[in-house]
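Enquirer: work_2.pdb is the file, holding PDB, C-alpha atoms:
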```
MODEL        1
ATOM      1  CA  MET A   1      98.696 -69.627   6.857
ATOM      2  CA  LYS A   2      95.830 -71.209   8.758
ATOM      3  CA  ASN A   3      93.461 -73.427   6.794
ATOM      4  CA  MET A   4      89.844 -72.415   6.230
ATOM      5  CA  GLN A   5      86.922 -74.301   7.732
ATOM      6  CA  ILE A   6      84.325 -75.044   5.037
ATOM      7  CA  ILE A   7      80.960 -76.732   5.664
ATOM      8  CA  ILE A   8      80.422 -79.254   2.877
ATOM      9  CA  ASN A   9      77.119 -81.172   2.883
ATOM     10  CA  GLY A  10      76.801 -80.495   6.586
ATOM     11  CA  GLU A  11      80.335 -81.628   7.460
ATOM     12  CA  SER A  12      83.182 -79.324   8.489
ATOM     13  CA  MET A  13      86.314 -79.726   6.368
ATOM     14  CA  GLU A  14      89.619 -77.871   6.149
ATOM     15  CA  MET A  15      90.771 -76.292   2.898
ATOM     16  CA  PRO A  16      93.885 -74.208   2.122
ATOM     17  CA  PRO A  17      93.281 -70.448   1.816
ATOM     18  CA  GLY A  18      92.294 -69.391  -1.685
ATOM     19  CA  THR A  19      90.898 -72.779  -2.662
ATOM     20  CA  THR A  20      88.399 -72.505  -5.520
ATOM     21  CA  ILE A  21      85.309 -74.642  -5.999
ATOM     22  CA  GLY A  22      87.090 -76.494  -8.782
ATOM     23  CA  GLN A  23      90.081 -77.225  -6.555
ATOM     24  CA  MET A  24      87.777 -78.345  -3.753
ATOM     25  CA  LEU A  25      86.082 -80.865  -6.071
ATOM     26  CA  GLU A  26      89.487 -82.085  -7.229
ATOM     27  CA  ARG A  27      90.629 -82.597  -3.632
ATOM     28  CA  LEU A  28      87.441 -84.532  -2.907
ATOM     29  CA  GLN A  29      87.926 -86.549  -6.124
ATOM     30  CA  PHE A  30      84.603 -85.599  -7.696
ATOM     31  CA  ASN A  31      84.090 -85.216 -11.418
ATOM     32  CA  PRO A  32      82.826 -81.625 -11.910
ATOM     33  CA  GLY A  33      80.723 -82.769 -14.848
ATOM     34  CA  ARG A  34      78.665 -85.127 -12.716
ATOM     35  CA  VAL A  35      77.714 -82.933  -9.769
ATOM     36  CA  ALA A  36      76.221 -79.517  -9.045
ATOM     37  CA  VAL A  37      77.462 -77.114  -6.392
ATOM     38  CA  GLU A  38      75.588 -74.596  -4.281
ATOM     39  CA  HIS A  39      77.823 -71.895  -2.745
ATOM     40  CA  ASN A  40      76.215 -70.087   0.194
ATOM     41  CA  ARG A  41      72.730 -70.952  -1.151
ATOM     42  CA  GLU A  42      73.500 -69.753  -4.676
ATOM     43  CA  VAL A  43      74.047 -72.215  -7.517
ATOM     44  CA  ALA A  44      77.616 -71.979  -8.792
ATOM     45  CA  PRO A  45      77.837 -72.063 -12.620
ATOM     46  CA  ARG A  46      79.911 -75.048 -13.667
ATOM     47  CA  ASN A  47      82.000 -72.975 -16.073
ATOM     48  CA  GLN A  48      83.083 -70.752 -13.169
ATOM     49  CA  TYR A  49      84.161 -73.420 -10.682
ATOM     50  CA  ASP A  50      87.827 -72.541 -11.110
ATOM     51  CA  ALA A  51      87.147 -68.824 -10.715
ATOM     52  CA  ILE A  52      85.096 -68.862  -7.502
ATOM     53  CA  PRO A  53      87.278 -68.757  -4.362
ATOM     54  CA  LEU A  54      86.049 -70.148  -1.076
ATOM     55  CA  ALA A  55      86.205 -68.293   2.232
ATOM     56  CA  ASP A  56      86.283 -69.389   5.843
ATOM     57  CA  GLY A  57      82.818 -70.482   7.001
ATOM     58  CA  ASP A  58      81.372 -70.921   3.496
ATOM     59  CA  GLN A  59      78.433 -73.299   3.181
ATOM     60  CA  ILE A  60      78.724 -75.734   0.279
ATOM     61  CA  GLU A  61      76.256 -78.301  -1.030
ATOM     62  CA  VAL A  62      77.392 -80.863  -3.606
ATOM     63  CA  VAL A  63      74.576 -82.910  -5.141
ATOM     64  CA  HIS A  64      73.874 -85.516  -7.801
ATOM     65  CA  PHE A  65      70.874 -87.502  -9.007
ATOM     66  CA  ILE A  66      69.628 -90.660  -7.320
ATOM     67  CA  GLY A  67      66.942 -93.151  -8.073
ATOM     68  CA  GLY A  68      64.066 -91.654  -6.347
ATOM     69  CA  GLY A  69      54.660 -98.527 -22.664
ATOM     70  CA  SER A  70      55.255 -97.165 -25.965
ATOM     71  CA  ILE A  71      52.362 -96.569 -28.345
ATOM     72  CA  ASP A  72      51.953 -95.683 -31.981
ATOM     73  CA  ASP A  73      54.252 -92.891 -33.113
ATOM     74  CA  ALA A  74      51.188 -91.250 -34.688
ATOM     75  CA  ASP A  75      49.835 -90.586 -31.197
ATOM     76  CA  PRO A  76      52.716 -89.011 -29.291
ATOM     77  CA  LEU A  77      52.592 -87.534 -25.814
ATOM     78  CA  ILE A  78      53.681 -83.917 -26.244
ATOM     79  CA  ILE A  79      54.993 -82.026 -23.221
ATOM     80  CA  ALA A  80      56.346 -78.502 -23.664
ATOM     81  CA  GLY A  81      56.587 -79.119 -27.398
ATOM     82  CA  ARG A  82      58.588 -82.344 -27.014
ATOM     83  CA  PRO A  83      57.115 -85.611 -28.350
ATOM     84  CA  PHE A  84      57.363 -88.913 -26.473
ATOM     85  CA  THR A  85      56.121 -92.278 -27.689
ATOM     86  CA  SER A  86      55.554 -93.684 -24.183
ATOM     87  CA  ARG A  87      52.791 -92.348 -21.947
ATOM     88  CA  LEU A  88      54.173 -94.113 -18.892
ATOM     89  CA  LEU A  89      56.584 -92.144 -16.714
ATOM     90  CA  VAL A  90      58.389 -93.967 -13.935
ATOM     91  CA  GLY A  91      60.301 -93.114 -10.805
ATOM     92  CA  THR A  92      63.720 -94.519  -9.979
ATOM     93  CA  GLY A  93      63.550 -94.897  -6.193
ATOM     94  CA  LYS A  94      62.775 -97.783  -3.837
ATOM     95  CA  TYR A  95      64.443-100.520  -5.905
ATOM     96  CA  LYS A  96      66.877-102.911  -4.248
ATOM     97  CA  ASP A  97      69.751-101.635  -6.409
ATOM     98  CA  PHE A  98      70.542 -99.707  -9.599
ATOM     99  CA  THR A  99      70.578-102.920 -11.658
ATOM    100  CA  GLU A 100      66.960-103.639 -10.788
ATOM    101  CA  THR A 101      66.112 -99.995 -11.448
ATOM    102  CA  ALA A 102      67.553-100.187 -14.962
ATOM    103  CA  GLN A 103      65.802-103.499 -15.697
ATOM    104  CA  ALA A 104      62.424-102.214 -14.528
ATOM    105  CA  VAL A 105      62.704 -98.962 -16.471
ATOM    106  CA  ALA A 106      63.627-100.882 -19.621
ATOM    107  CA  ALA A 107      60.684-103.274 -19.147
ATOM    108  CA  SER A 108      58.283-100.353 -18.668
ATOM    109  CA  GLY A 109      59.191 -98.790 -21.991
ATOM    110  CA  ALA A 110      59.273 -95.393 -20.283
ATOM    111  CA  GLU A 111      61.273 -92.575 -21.826
ATOM    112  CA  ILE A 112      60.910 -90.119 -18.941
ATOM    113  CA  VAL A 113      62.273 -91.044 -15.522
ATOM    114  CA  THR A 114      61.956 -88.966 -12.376
ATOM    115  CA  VAL A 115      65.075 -88.490 -10.297
ATOM    116  CA  ALA A 116      65.657 -87.004  -6.870
ATOM    117  CA  VAL A 117      68.452 -84.549  -6.151
ATOM    118  CA  ARG A 118      70.536 -85.507  -3.132
ATOM    119  CA  ARG A 119      73.859 -84.670  -1.551
ATOM    120  CA  VAL A 120      76.796 -86.710  -2.738
ATOM    121  CA  ASN A 121      78.657 -88.843  -0.225
ATOM    122  CA  ILE A 122      81.846 -86.817   0.211
ATOM    123  CA  SER A 123      83.549 -89.759   1.909
ATOM    124  CA  ASP A 124      83.139 -91.967  -1.191
ATOM    125  CA  PRO A 125      83.572 -90.026  -4.447
ATOM    126  CA  SER A 126      83.830 -93.286  -6.407
ATOM    127  CA  ALA A 127      80.319 -94.458  -5.467
ATOM    128  CA  THR A 128      78.192 -95.509  -8.425
ATOM    129  CA  LEU A 129      75.535 -93.094  -9.644
ATOM    130  CA  LEU A 130      72.170 -93.540 -11.309
ATOM    131  CA  THR A 131      73.623 -92.088 -14.494
ATOM    132  CA  ASP A 132      75.922 -95.130 -14.691
ATOM    133  CA  TYR A 133      72.831 -97.315 -15.207
ATOM    134  CA  LEU A 134      70.324 -95.032 -16.944
ATOM    135  CA  ASP A 135      72.023 -93.086 -19.703
ATOM    136  CA  PRO A 136      70.756 -89.469 -19.759
ATOM    137  CA  LYS A 137      71.237 -89.584 -23.531
ATOM    138  CA  GLN A 138      68.721 -92.416 -23.764
ATOM    139  CA  TYR A 139      66.239 -91.303 -21.098
ATOM    140  CA  THR A 140      64.794 -87.892 -20.327
ATOM    141  CA  TYR A 141      65.615 -87.139 -16.712
ATOM    142  CA  LEU A 142      62.842 -85.336 -14.878
ATOM    143  CA  PRO A 143      64.318 -83.877 -11.667
ATOM    144  CA  ASN A 144      61.748 -83.690  -8.902
ATOM    145  CA  THR A 145      61.505 -82.046  -5.511
ATOM    146  CA  ALA A 146      60.544 -85.086  -3.452
ATOM    147  CA  GLY A 147      60.916 -84.340   0.239
ATOM    148  CA  CYS A 148      60.537 -80.568  -0.086
ATOM    149  CA  TYR A 149      58.064 -78.838   2.228
ATOM    150  CA  THR A 150      58.573 -75.176   1.268
ATOM    151  CA  ALA A 151      58.757 -73.223  -1.957
ATOM    152  CA  GLU A 152      62.306 -72.144  -1.079
ATOM    153  CA  GLU A 153      63.505 -75.752  -0.706
ATOM    154  CA  ALA A 154      61.894 -76.749  -3.996
ATOM    155  CA  VAL A 155      63.333 -73.845  -5.964
ATOM    156  CA  ARG A 156      66.843 -74.390  -4.550
ATOM    157  CA  THR A 157      66.650 -78.077  -5.448
ATOM    158  CA  LEU A 158      65.622 -77.486  -9.039
ATOM    159  CA  ARG A 159      68.190 -74.759  -9.601
ATOM    160  CA  LEU A 160      70.839 -77.262  -8.568
ATOM    161  CA  ALA A 161      69.260 -79.912 -10.790
ATOM    162  CA  ARG A 162      69.454 -77.654 -13.816
ATOM    163  CA  GLU A 163      73.094 -76.875 -13.083
ATOM    164  CA  ALA A 164      73.918 -80.567 -12.591
ATOM    165  CA  GLY A 165      72.335 -81.836 -15.786
ATOM    166  CA  GLY A 166      71.081 -78.911 -17.809
ATOM    167  CA  TRP A 167      67.459 -80.061 -17.630
ATOM    168  CA  ASP A 168      64.785 -77.362 -17.740
ATOM    169  CA  MET A 169      61.782 -79.681 -17.623
ATOM    170  CA  VAL A 170      61.132 -80.523 -13.975
ATOM    171  CA  LYS A 171      58.524 -82.057 -11.704
ATOM    172  CA  LEU A 172      57.498 -79.734  -8.898
ATOM    173  CA  GLU A 173      56.000 -81.138  -5.728
ATOM    174  CA  VAL A 174      55.826 -79.375  -2.381
ATOM    175  CA  LEU A 175      54.417 -81.461   0.458
ATOM    176  CA  SER A 176      52.381 -80.382   3.454
ATOM    177  CA  ASP A 177      53.187 -83.134   5.954
ATOM    178  CA  ALA A 178      55.382 -86.195   6.409
ATOM    179  CA  LYS A 179      52.564 -88.661   7.182
ATOM    180  CA  TYR A 180      50.096 -88.117   4.358
ATOM    181  CA  LEU A 181      52.436 -86.457   1.809
ATOM    182  CA  TRP A 182      49.547 -84.269   0.694
ATOM    183  CA  PRO A 183      50.387 -81.437  -1.731
ATOM    184  CA  ASN A 184      50.898 -78.001  -0.193
ATOM    185  CA  ASN A 185      49.231 -75.959  -2.906
ATOM    186  CA  PRO A 186      50.016 -72.449  -1.555
ATOM    187  CA  GLU A 187      53.757 -73.244  -1.408
ATOM    188  CA  THR A 188      53.552 -75.036  -4.754
ATOM    189  CA  LEU A 189      52.027 -71.921  -6.322
ATOM    190  CA  LYS A 190      54.867 -69.751  -4.973
ATOM    191  CA  ALA A 191      57.508 -72.160  -6.231
ATOM    192  CA  ALA A 192      55.866 -72.511  -9.646
ATOM    193  CA  GLU A 193      55.735 -68.745 -10.114
ATOM    194  CA  LEU A 194      59.457 -68.381  -9.375
ATOM    195  CA  LEU A 195      60.482 -71.325 -11.530
ATOM    196  CA  ILE A 196      58.408 -70.217 -14.515
ATOM    197  CA  LYS A 197      60.015 -66.759 -14.318
ATOM    198  CA  GLU A 198      63.387 -68.523 -14.502
ATOM    199  CA  LYS A 199      62.301 -70.360 -17.682
ATOM    200  CA  PHE A 200      61.790 -73.784 -16.135
ATOM    201  CA  GLN A 201      59.226 -76.034 -17.812
ATOM    202  CA  VAL A 202      57.202 -77.023 -14.770
ATOM    203  CA  MET A 203      55.174 -80.216 -14.494
ATOM    204  CA  VAL A 204      53.265 -79.763 -11.261
ATOM    205  CA  TYR A 205      52.027 -82.326  -8.724
ATOM    206  CA  THR A 206      48.826 -81.206  -7.051
ATOM    207  CA  THR A 207      45.500 -82.314  -5.606
ATOM    208  CA  ASP A 208      42.723 -83.613  -7.868
ATOM    209  CA  ASP A 209      41.092 -80.182  -7.712
ATOM    210  CA  PRO A 210      39.865 -78.796 -11.065
ATOM    211  CA  TYR A 211      40.282 -75.205  -9.884
ATOM    212  CA  MET A 212      43.889 -75.676  -8.783
ATOM    213  CA  CYS A 213      44.811 -77.615 -11.924
ATOM    214  CA  LYS A 214      43.406 -74.852 -14.132
ATOM    215  CA  ARG A 215      45.194 -72.200 -12.090
ATOM    216  CA  PHE A 216      48.539 -73.982 -12.492
ATOM    217  CA  GLU A 217      47.915 -74.294 -16.218
ATOM    218  CA  GLU A 218      47.033 -70.612 -16.601
ATOM    219  CA  MET A 219      50.192 -69.481 -14.791
ATOM    220  CA  GLY A 220      52.337 -71.383 -17.294
ATOM    221  CA  CYS A 221      52.897 -74.949 -16.058
ATOM    222  CA  VAL A 222      53.473 -77.307 -19.005
ATOM    223  CA  ALA A 223      51.568 -80.230 -17.420
ATOM    224  CA  VAL A 224      49.346 -80.804 -14.416
ATOM    225  CA  MET A 225      49.732 -83.971 -12.365
ATOM    226  CA  PRO A 226      46.772 -84.540 -10.030
ATOM    227  CA  LEU A 227      47.078 -87.386  -7.547
ATOM    228  CA  ALA A 228      44.944 -90.487  -7.867
ATOM    229  CA  ALA A 229      45.428 -91.200  -4.153
ATOM    230  CA  PRO A 230      48.120 -90.414  -1.558
ATOM    231  CA  ILE A 231      51.714 -91.122  -2.589
ATOM    232  CA  GLY A 232      52.643 -94.778  -2.220
ATOM    233  CA  SER A 233      49.177 -95.793  -0.984
ATOM    234  CA  GLY A 234      48.275 -98.048  -3.925
ATOM    235  CA  LEU A 235      44.618 -97.117  -3.474
ATOM    236  CA  GLY A 236      44.066 -96.387  -7.149
ATOM    237  CA  ILE A 237      41.876 -93.632  -8.562
ATOM    238  CA  ARG A 238      39.630 -92.414  -5.743
ATOM    239  CA  ASN A 239      37.749 -89.733  -7.642
ATOM    240  CA  PRO A 240      37.336 -90.341 -11.378
ATOM    241  CA  TYR A 241      34.702 -87.607 -11.605
ATOM    242  CA  THR A 242      37.002 -84.717 -10.751
ATOM    243  CA  LEU A 243      39.669 -86.215 -12.999
ATOM    244  CA  ARG A 244      37.197 -86.088 -15.888
ATOM    245  CA  ILE A 245      36.579 -82.390 -15.194
ATOM    246  CA  ILE A 246      40.308 -81.669 -15.012
ATOM    247  CA  ILE A 247      40.863 -83.457 -18.323
ATOM    248  CA  GLU A 248      37.890 -81.764 -19.999
ATOM    249  CA  GLN A 249      39.046 -78.240 -19.177
ATOM    250  CA  ALA A 250      42.810 -78.713 -19.679
ATOM    251  CA  THR A 251      44.803 -77.525 -22.672
ATOM    252  CA  VAL A 252      48.060 -78.985 -21.318
ATOM    253  CA  PRO A 253      48.767 -82.678 -20.637
ATOM    254  CA  VAL A 254      47.097 -84.200 -17.576
ATOM    255  CA  LEU A 255      49.077 -87.026 -15.991
ATOM    256  CA  VAL A 256      47.903 -89.023 -12.997
ATOM    257  CA  ASP A 257      50.620 -88.997 -10.375
ATOM    258  CA  ALA A 258      50.653 -90.964  -7.111
ATOM    259  CA  GLY A 259      48.405 -93.674  -5.718
ATOM    260  CA  VAL A 260      48.435 -96.179  -8.575
ATOM    261  CA  GLY A 261      48.580 -99.727  -7.215
ATOM    262  CA  THR A 262      48.213-102.119 -10.120
ATOM    263  CA  ALA A 263      47.748-102.301 -13.878
ATOM    264  CA  SER A 264      43.971-101.789 -13.816
ATOM    265  CA  ASP A 265      44.499 -98.421 -12.066
ATOM    266  CA  ALA A 266      46.777 -97.281 -14.875
ATOM    267  CA  ALA A 267      44.352 -98.529 -17.524
ATOM    268  CA  LEU A 268      41.457 -96.680 -15.877
ATOM    269  CA  ALA A 269      43.425 -93.424 -15.794
ATOM    270  CA  MET A 270      44.074 -93.718 -19.515
ATOM    271  CA  GLU A 271      40.476 -94.752 -20.289
ATOM    272  CA  LEU A 272      39.305 -91.589 -18.543
ATOM    273  CA  GLY A 273      41.385 -89.582 -21.003
ATOM    274  CA  CYS A 274      44.539 -88.830 -19.047
ATOM    275  CA  ASP A 275      47.543 -88.122 -21.237
ATOM    276  CA  GLY A 276      49.856 -90.266 -19.146
ATOM    277  CA  VAL A 277      50.571 -91.894 -15.803
ATOM    278  CA  LEU A 278      53.544 -91.468 -13.482
ATOM    279  CA  MET A 279      54.323 -94.139 -10.899
ATOM    280  CA  ASN A 280      57.132 -95.479  -8.743
ATOM    281  CA  THR A 281      55.998 -97.534  -5.747
ATOM    282  CA  ALA A 282      53.494 -99.582  -7.769
ATOM    283  CA  ILE A 283      56.402-101.033  -9.744
ATOM    284  CA  ALA A 284      59.318-100.862  -7.311
ATOM    285  CA  GLY A 285      57.233-102.221  -4.414
ATOM    286  CA  ALA A 286      55.800-105.184  -6.328
ATOM    287  CA  LYS A 287      57.020-108.701  -5.549
ATOM    288  CA  ASP A 288      58.339-108.861  -9.118
ATOM    289  CA  PRO A 289      59.116-105.284 -10.215
ATOM    290  CA  ILE A 290      60.228-106.279 -13.722
ATOM    291  CA  ARG A 291      57.022-108.174 -14.425
ATOM    292  CA  MET A 292      54.911-105.365 -12.960
ATOM    293  CA  ALA A 293      56.744-102.852 -15.150
ATOM    294  CA  ARG A 294      55.756-104.883 -18.219
ATOM    295  CA  ALA A 295      52.157-105.052 -16.973
ATOM    296  CA  MET A 296      52.031-101.286 -16.490
ATOM    297  CA  LYS A 297      53.367-100.728 -19.999
ATOM    298  CA  LYS A 298      50.576-102.859 -21.468
ATOM    299  CA  ALA A 299      47.939-101.268 -19.229
ATOM    300  CA  VAL A 300      48.817 -97.738 -20.302
ATOM    301  CA  GLU A 301      48.825 -98.754 -23.953
ATOM    302  CA  SER A 302      45.492-100.617 -23.773
ATOM    303  CA  GLY A 303      43.867 -97.852 -21.738
ATOM    304  CA  ARG A 304      44.913 -95.276 -24.320
ATOM    305  CA  ASP A 305      43.604 -97.449 -27.168
ATOM    306  CA  ALA A 306      40.282 -97.895 -25.369
ATOM    307  CA  PHE A 307      39.950 -94.135 -24.853
ATOM    308  CA  LEU A 308      40.683 -93.407 -28.519
ATOM    309  CA  ALA A 309      38.303 -96.158 -29.644
ATOM    310  CA  GLY A 310      35.421 -94.610 -27.705
ATOM    311  CA  ARG A 311      33.575 -96.854 -25.277
ATOM    312  CA  ILE A 312      29.886 -97.656 -25.600
ATOM    313  CA  PRO A 313      27.573 -95.586 -23.377
ATOM    314  CA  LYS A 314      26.453 -97.039 -20.070
ATOM    315  CA  LYS A 315      22.754 -97.908 -20.041
ATOM    316  CA  LEU A 316      20.360 -99.138 -17.402
ATOM    317  CA  TYR A 317      18.751-101.848 -19.534
ATOM    318  CA  ALA A 318      20.008-104.634 -21.772
ATOM    319  CA  SER A 319      20.446-104.209 -25.502
ATOM    320  CA  ALA A 320      20.602-107.287 -27.732
ATOM    321  CA  SER A 321      23.828-107.704 -29.624
ATOM    322  CA  SER A 322      22.205-109.723 -32.415
ATOM    323  CA  PRO A 323      19.615-108.150 -34.749
ATOM    324  CA  LEU A 324      15.979-109.184 -34.282
ATOM    325  CA  ASP A 325      15.071-109.021 -38.010
ATOM    326  CA  GLY A 326      14.302-112.488 -39.405
ATOM    327  CA  LEU A 327      14.042-114.068 -35.964
ATOM    328  CA  LEU A 328      12.158-117.399 -36.041
ATOM    329  CA  LEU A 329       9.240-117.186 -33.626
ATOM    330  CA  GLY A 330       6.802-119.899 -32.699
TER     331      GLY A 330
ENDMDL
END
```
Kindly present the structure from the file in structure tokens form.
Expert:
Amino acid sequence: MKNMQIIINGESMEMPPGTTIGQMLERLQFNPGRVAVEHNREVAPRNQYDAIPLADGDQIEVVHFIGGGSIDDADPLIIAGRPFTSRLLVGTGKYKDFTETAQAVAASGAEIVTVAVRRVNISDPSATLLTDYLDPKQYTYLPNTAGCYTAEEAVRTLRLAREAGGWDMVKLEVLSDAKYLWPNNPETLKAAELLIKEKFQVMVYTTDDPYMCKRFEEMGCVAVMPLAAPIGSGLGIRNPYTLRIIIEQATVPVLVDAGVGTASDAALAMELGCDGVLMNTAIAGAKDPIRMARAMKKAVESGRDAFLAGRIPKKLYASASSPLDGLLLG
């Protein structure tokens, strides 16, 4: 009997008639527990791999995860009811290799790491994976939708992410263009609505717009993540005034996401009252990523302490720090 032609990750491959998803993965030498499979644009449940037969012309996507400061336990960061001691979240992309990724993440003290969902390389099933370097039992993986430009792409990506690792807490970002990587809020709203209906815990990347942040919160997002500046720009916080409004009106965590360039940017975000900071390029793109990761850890911690301590008010005129009573005059 003639073999079937199956499209796997964009490549045409032959499979014997009646081949199941499980048998396909076995032939390709992939561990079913480390990948997720989309069958004709529908996520295939892992426990049904051996029961789902393939047919001629089927479209298959096989994906995995790639690399895309702790404080006092009495002051945890709580997202969707889950406590974290670190308020620094870090990305896992742009490093020279997985070893550097793991070293930088460890130096940062972060507990939550963002990961991108990408196709596996079907020609090399033995290739190392991010999970070989960052243990999902030690770190909370936060699948994101980096590179998605429509609600449909974002939702498909996160459905696959949940199937691959079982994670419900996700970072949603839908972009409007390839040059500026500005958030596409209308598509983000559509994606968020669908994901929330499917019981995802959505942390949403958006513009530093108080109205949009409140709207995302009211629809059920578990955290809002306004940008400080365009992704990867390193420009730092461009508009602290709108961030203050966003923080003041929010009842869910507010985390600055995108645009941080150096430690003082992270400290400022925390001094303003943000609940946390997420960054990738600021660490991975530094000349010494490990040292910068340590600096960011300290900056987030000190910024949080300064916010909790309560800064003195800004005044136009000087105010003596020593008392004037008993001053010797003349």
Enquirer: Find the distance between CA of Leu54 (chain A) and CA of Gly10 (chain A) and write it in Å to one decimal.
Expert: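 Distance between the two atoms: 15.9 Å.
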Enquirer: Would you mind telling me which residue in A:Gln48, A:Ser302, A:Asn31, A:Thr114 lies nearest to Val62 (chain A) when using only C-alpha atoms?
Expert: A:Asn31
Enquirer: Could you jot down the CA of Asp275 (chain A) to CA of Gly109 (chain A) separation for me, Å, one decimal place?
Expert: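 Value for the CA of Asp275 (chain A)-CA of Gly109 (chain A) distance: 15.8 Å.
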Enquirer: Can you list, as a list in words, every protein, DNA or RNA residue that comes within 6 Å of region 209-221 of chain A when you count all atoms listed in the file, leaving out same-chain residues fewer than 3 positions away?
Expert: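 Contacts, in chain order: Val202, Met203 and Ile246 of chain A.
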Enquirer: Pick from A:Leu195, A:Val260, A:Leu268, A:Met15: nearest to Val222 (chain A), with only C-alpha atoms counted?
Expert: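 Of A:Leu195, A:Val260, A:Leu268, A:Met15, the one nearest Val222 (chain A) is A:Leu195, counting only C-alpha atoms.
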